[in-house]
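Worksheet for the structure shown next.
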Amino acid sequence: MLNLLKRFRLFAVLLCLSLPAVADDNIADANSADEGITYQNYSKGSFVVEDIRVEGLQRIDVGTVYNDLPINVGDTFDPSETISVIRALYATGNYSDIELSREDNTLIVTVEERATIGSINISGNEDIETEDLEDGLNFAGISEGNPYDPSILERVTQELEYQYFSNGKYSVAITTTVTELPRNRVGIDIDINEGGATKIRQINFIGNKVFDDGELSDTFQSTTPGLLTWISKTDQYSRERLMGDLENLRFYYMNNGYLNMEIESTQVAIVPSREDIYITVNIIEGEQYTVSDVSLGGDIVVPEDELEDYLVFEPDELFNRQKMMYINELITNRVGDEGYAFVEVHPMTEVNEEDKTVSITYYIEPNQLVYVRDIYFTGNNMSQEVVLRRELTQLEGALVSTAKIQRSRNNLYLLGYLDNINIETVPVPGHDDLVDLHVDVEERPSGQLTGGVGYSQLDGLLFNLGVSQSNFLGTGNIVNFLFNKSEYFTSYNLSYTDPYYTPDGVSRGFSVFYSAANLAEADVSNFIRDIWGGAVNYGVPLNPNNRLNYGFGYENILIKTSSNPATVSEQVSSFIEEEGSRFNAYELTAGWVRNTLDRVVFPTEGSMNNLGVSVAVPGSTLSYYKLSANSRWYTPFFDTFVFMLRGNVAYGDGLFGTSELPFYENYYLGGVTSMRGFYDNSIGPEDSLDDPIGGNLRFNGSAEVFFPIPYIEINSVRTSVFFDFGSLYNTYGEDLDTEPVRTSVGTTLQWYSPLGPLVLSLGVPVTKSEDDREEIFQFSIGAVL
């Protein structure tokens, strides 16, 4: 009734303003009939506004009204402008009623303010956080402090329903209640009954003859309820997900030669209870096409024979859109390597309907050569810019190269303390031949608290601890301090490495160390070994992927045995009788490393290969050498899976009159880092007391498949299944057939935690020796991933 009265009053105002001039007395009478509202002298026509008075304000500042008014003091006001003035004030959304009147030459604006939203309270929500719901309301212009309009309640309901529909909750019920608050405010209470999730009960395909429903369903992320859908929630309907599924379906057909496949229609039917949804996809498959020929066109600015090597379609091969776009990417990158940063390659298809073939021409538009003007970094809050810049192979002032930009990105990943690296080419305004490179990085903690814990049925838990900093004070230098302590072993190691000792990338490192080990407590041959020493090492880059390392070190070694001769093996006691118990070793080391891994942590492709040699040179108490070869190779498959092969071989022997490798330099095998499922150091030859004594020849390896945890999108966590193999030998007069090749299978969980890499392993030996000791569960922090 009140709104009707207000509309009538506004109509009366407009009617009065439109009446011809009449006597003032008659106007006054008319005014008295209109609830005392004054419009006198409007009938006299225009007037110059000498003052503006605003009445009825409670919350809004009078200056705000003056700013919103389309008329100012000194302007001439004509009655015909009344509607436009009122409309201008209504458009602000701040007023529920507006009246204009005149007193002499003063324009009077009487307003009734809209109530403001004083509070929004949401209850009943569980699946969607309150903060997320409020963000959606804010985006729709509904928040505390904004003017309240009764029509806003419908927008509130629509926005919240949209959020729940996007999460597959189509049975959601939303109730809004408005409560008046002091100072012309209102509170909005929103009660949500989320209901159950709307499930996809069936996905039907109509018109498919070549592929059955199961094959087509495999292209969809949307699924019907299954064993793990309570985690993945892929059985909950989502319009956005369905749109992606339909696009995948088109690509599936196009990758199998069906160039003109069409999705005629898609029906989504929801039952009245809103608990179940049925999806029906109507398909027109069309004809299957083969590729007749593939050619190049346009401005071919690189040797044509190089690009022709990329045209890998075979004659009469089925048309495959994915392969076509892959070739397009190869050509784009190759031309981009020559400095054509904005090259455009268009795969143009010509269809022959008679013989159902497709001719593909890759039309190249290189545009102009582009140079890099400036390279700038963001996100490096800790790392000094020079530390990042020296890893770039793309330089300022040089032509842009797609390959060099990719290599620069890989180099930054290989530092180990950067993540989510994005390199963007930014055009320079006014210069078509210049770009800037914006390198945005996200720093991961470069300091690590590393440790290891292992469990065995005999010894229980063992623990070690260390601190490492791979980006010391942001300089890129590496500082490590490692401390290991167990019932049988104590060690200290301090090392420092400058990876850019020279501007050319020659590295230099120093290390000092001390260790004391009672090997009897480690369930290997009974002796005590104390070592202290130091080393200096250099690394020389041969090219971006290859590096030569060399160095010199000194070790002082003391071998001690138990006072009870019965507990000392014949091998140890006879060695000490012949050679003594204290040894000096001056070692020269050299090695070659080839690294093409795409990243340090959780690599997905590439390889790491290295060869190493160390020699205890003349002047040492005993002379010997040790050789090693290690290789890791990764390749991705099925998008999120990674296959890894690893192999290691090591061999040592005496030199310059020393008949064999000293027993305290022997290799050992077994444990989470070498042969999972077997107890640490337990594999291989034994001494006269049946304790492991190690050997001078070792080989081991593994085949492993890494994959993310299903439905958990965390880049720092992955799982794997593995097959390990290996064995350890003593080549001095022993038959190598006496040591069988051990194998084991199992699974691991790996997490790059804030404390460093964490590995949980469950391994089961498959082939083993009768004397081998098993360790099914193993755990470590700080292991190489």
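In the structure tokens, each chain is lettered A, B, ... as it comes, each chain's residues begin at 1, and ligands are numbered from 1 in order of appearance.
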
Near-Val721 of chain A list (6 Å; only C-alpha atoms; drop same-chain fewer than 3 positions) as a list in words: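 Near Val721 of chain A, the qualifying residues are Glu704, Val705, Gly746 and Thr747 of chain A.
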
Would you list, as a VMD selection string, the residues of segment 351-484 of chain A that end up in alpha helix (DSSP H) under DSSP run on this structure's backbone? chain A and resid 385 to 389 402 to 414

Please identify all polymer residues within 6 Å of Gly534 of chain A, counting only C-alpha atoms, omitting same-chain residues fewer than 5 positions from it, and present them as an NGL selection string. :A and (511-512 or 553-554)

Handout entry: Close residues, segment 247-253 of chain A itself excluded, 12 Å, only C-alpha atoms, min 4 positions apart in chain, as a PyMOL selection string
Key = chain A and resi 205+208-211+213+215-222+240-243+257-264+281-289+318-325

Taking 4 positions as the minimum chain separation for residues in the same chain, which residues sit within 7 Å of Asn584 of chain A when counting only C-alpha atoms? Answer as a PyMOL selection string.
chain A and resi 555-557+620-621

Restrict the selected residues to C-alpha atoms and save them as a JSON list (two decimals), in the first residue's frame.
```json
[["chain", "number", "residue", "atom", "x", "y", "z"],
["A", 555, "GLU", "CA", 92.22, -39.53, 4.70],
["A", 556, "ASN", "CA", 93.74, -40.78, 7.96],
["A", 557, "ILE", "CA", 92.33, -44.21, 8.74],
["A", 620, "SER", "CA", 99.73, -43.61, 0.50],
["A", 621, "THR", "CA", 100.18, -46.48, 2.91]]
```

Please return, as a VMD selection string, all residues of segment 133-299 of chain A that DSSP assigns to strand (DSSP E) on the basis of the backbone. chain A and resid 173 to 181 185 to 193 199 to 206 262 to 270 276 to 284 290 to 298

Of A:Ser292, A:Thr234, A:Gln163, A:Asn537, the one nearest to Asn352 of chain A when counting only C-alpha atoms is A:Ser292

Atom CA of Phe481 of chain A to atom CA of Leu758 of chain A measures 18.8 Å

Leaving out Thr198 of chain A and any residue of its chain fewer than 4 positions from it, which residues lie within 12 Å of it when counting only C-alpha atoms, given as a VMD selection string?
chain A and resid 164 to 172 194 224 to 225 233 to 238 269 to 278

Keeping C-alpha atoms for every residue in the selection just given, could you write it to a file as an mmCIF file, in the first residue's frame?
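File written: part_30.cif
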```
data_model
loop_
_atom_site.group_PDB
_atom_site.id
_atom_site.type_symbol
_atom_site.label_atom_id
_atom_site.label_comp_id
_atom_site.auth_asym_id
_atom_site.auth_seq_id
_atom_site.Cartn_x
_atom_site.Cartn_y
_atom_site.Cartn_z
ATOM 1 C CA TYR A 164 26.359 -25.547 -5.451
ATOM 2 C CA PHE A 165 25.299 -26.605 -8.939
ATOM 3 C CA SER A 166 28.954 -26.298 -9.992
ATOM 4 C CA ASN A 167 29.748 -28.802 -7.224
ATOM 5 C CA GLY A 168 27.071 -31.263 -8.313
ATOM 6 C CA LYS A 169 24.596 -30.343 -5.562
ATOM 7 C CA TYR A 170 21.344 -29.830 -7.472
ATOM 8 C CA SER A 171 19.046 -30.590 -4.547
ATOM 9 C CA VAL A 172 20.300 -27.655 -2.495
ATOM 10 C CA GLU A 194 22.848 -28.789 0.911
ATOM 11 C CA THR A 224 28.949 -43.123 -12.950
ATOM 12 C CA PRO A 225 29.439 -44.035 -9.256
ATOM 13 C CA LYS A 233 33.730 -36.882 -7.132
ATOM 14 C CA THR A 234 33.727 -37.474 -10.898
ATOM 15 C CA ASP A 235 30.267 -39.035 -10.545
ATOM 16 C CA GLN A 236 28.855 -35.634 -9.545
ATOM 17 C CA TYR A 237 27.492 -33.713 -12.499
ATOM 18 C CA SER A 238 29.370 -30.588 -13.556
ATOM 19 C CA ALA A 269 17.923 -35.188 -17.656
ATOM 20 C CA ILE A 270 17.517 -34.803 -13.901
ATOM 21 C CA VAL A 271 14.927 -36.795 -11.954
ATOM 22 C CA PRO A 272 12.339 -34.903 -9.886
ATOM 23 C CA SER A 273 14.153 -35.705 -6.636
ATOM 24 C CA ARG A 274 17.273 -33.999 -8.113
ATOM 25 C CA GLU A 275 19.394 -36.916 -6.906
ATOM 26 C CA ASP A 276 20.145 -38.566 -10.264
ATOM 27 C CA ILE A 277 21.178 -37.320 -13.694
ATOM 28 C CA TYR A 278 21.130 -39.138 -17.007
#
```

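Compared by their closest atoms to Phe725 of chain A, and using only C-alpha atoms, the residues A:Gln58, A:Thr332, A:Thr280, A:Asn648 rank with A:Asn648 nearest.
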
Test item: residues at most 7 Å from Asn184 of chain A, only C-alpha atoms, excluding those fewer than 2 positions along its chain, as a ChimeraX atom specification:
/A:115-116,181-182,186

Expected file contents, prior selection, N, CA, C and O atoms, as a PDB file, in the first residue's frame:
```pdb
ATOM      1  N   ALA A 115      17.729   0.962   3.128  1.00  0.00           N
ATOM      2  CA  ALA A 115      18.483   0.333   4.216  1.00  0.00           C
ATOM      3  C   ALA A 115      19.761  -0.278   3.641  1.00  0.00           C
ATOM      4  O   ALA A 115      19.823  -0.665   2.468  1.00  0.00           O
ATOM      5  N   THR A 116      20.784  -0.351   4.454  1.00  0.00           N
ATOM      6  CA  THR A 116      22.032  -1.007   4.035  1.00  0.00           C
ATOM      7  C   THR A 116      22.108  -2.398   4.655  1.00  0.00           C
ATOM      8  O   THR A 116      21.459  -2.683   5.670  1.00  0.00           O
ATOM      9  N   LEU A 181      17.619  -3.979  11.511  1.00  0.00           N
ATOM     10  CA  LEU A 181      18.623  -3.641  12.511  1.00  0.00           C
ATOM     11  C   LEU A 181      18.581  -2.139  12.772  1.00  0.00           C
ATOM     12  O   LEU A 181      18.034  -1.380  11.958  1.00  0.00           O
ATOM     13  N   PRO A 182      19.164  -1.680  13.881  1.00  0.00           N
ATOM     14  CA  PRO A 182      19.202  -0.230  14.140  1.00  0.00           C
ATOM     15  C   PRO A 182      19.943   0.529  13.043  1.00  0.00           C
ATOM     16  O   PRO A 182      20.702  -0.038  12.260  1.00  0.00           O
ATOM     17  N   VAL A 186      19.779  -3.736   7.717  1.00  0.00           N
ATOM     18  CA  VAL A 186      19.108  -5.031   7.773  1.00  0.00           C
ATOM     19  C   VAL A 186      20.164  -6.128   7.862  1.00  0.00           C
ATOM     20  O   VAL A 186      21.301  -5.966   7.396  1.00  0.00           O
TER      21      VAL A 186
END
```

The distance between atom CA of Ser614 of chain A and atom CA of Ile683 of chain A is 24.0 Å

re atom CA of Lys626 of chain A and atom CA of Val467 of chain A: distance 28.8 Å

| field | For Glu665 of chain A, the nearest of the candidates A:Val49, A:Leu697, A:Val642, A:Val745, counting only C-alpha atoms | value |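 Among A:Val49, A:Leu697, A:Val642, A:Val745, it is A:Leu697 that comes nearest to Glu665 of chain A.
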
Closest of A:Ser123, A:Thr604, A:Asn381, A:Asn411 to Gln394 of chain A, counting only C-alpha atoms, is A:Asn411

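Nearest to Asp337 of chain A of all the residues A:Ile531, A:Ile360, A:Leu519, A:Tyr371 is A:Tyr371, based on only C-alpha atoms.
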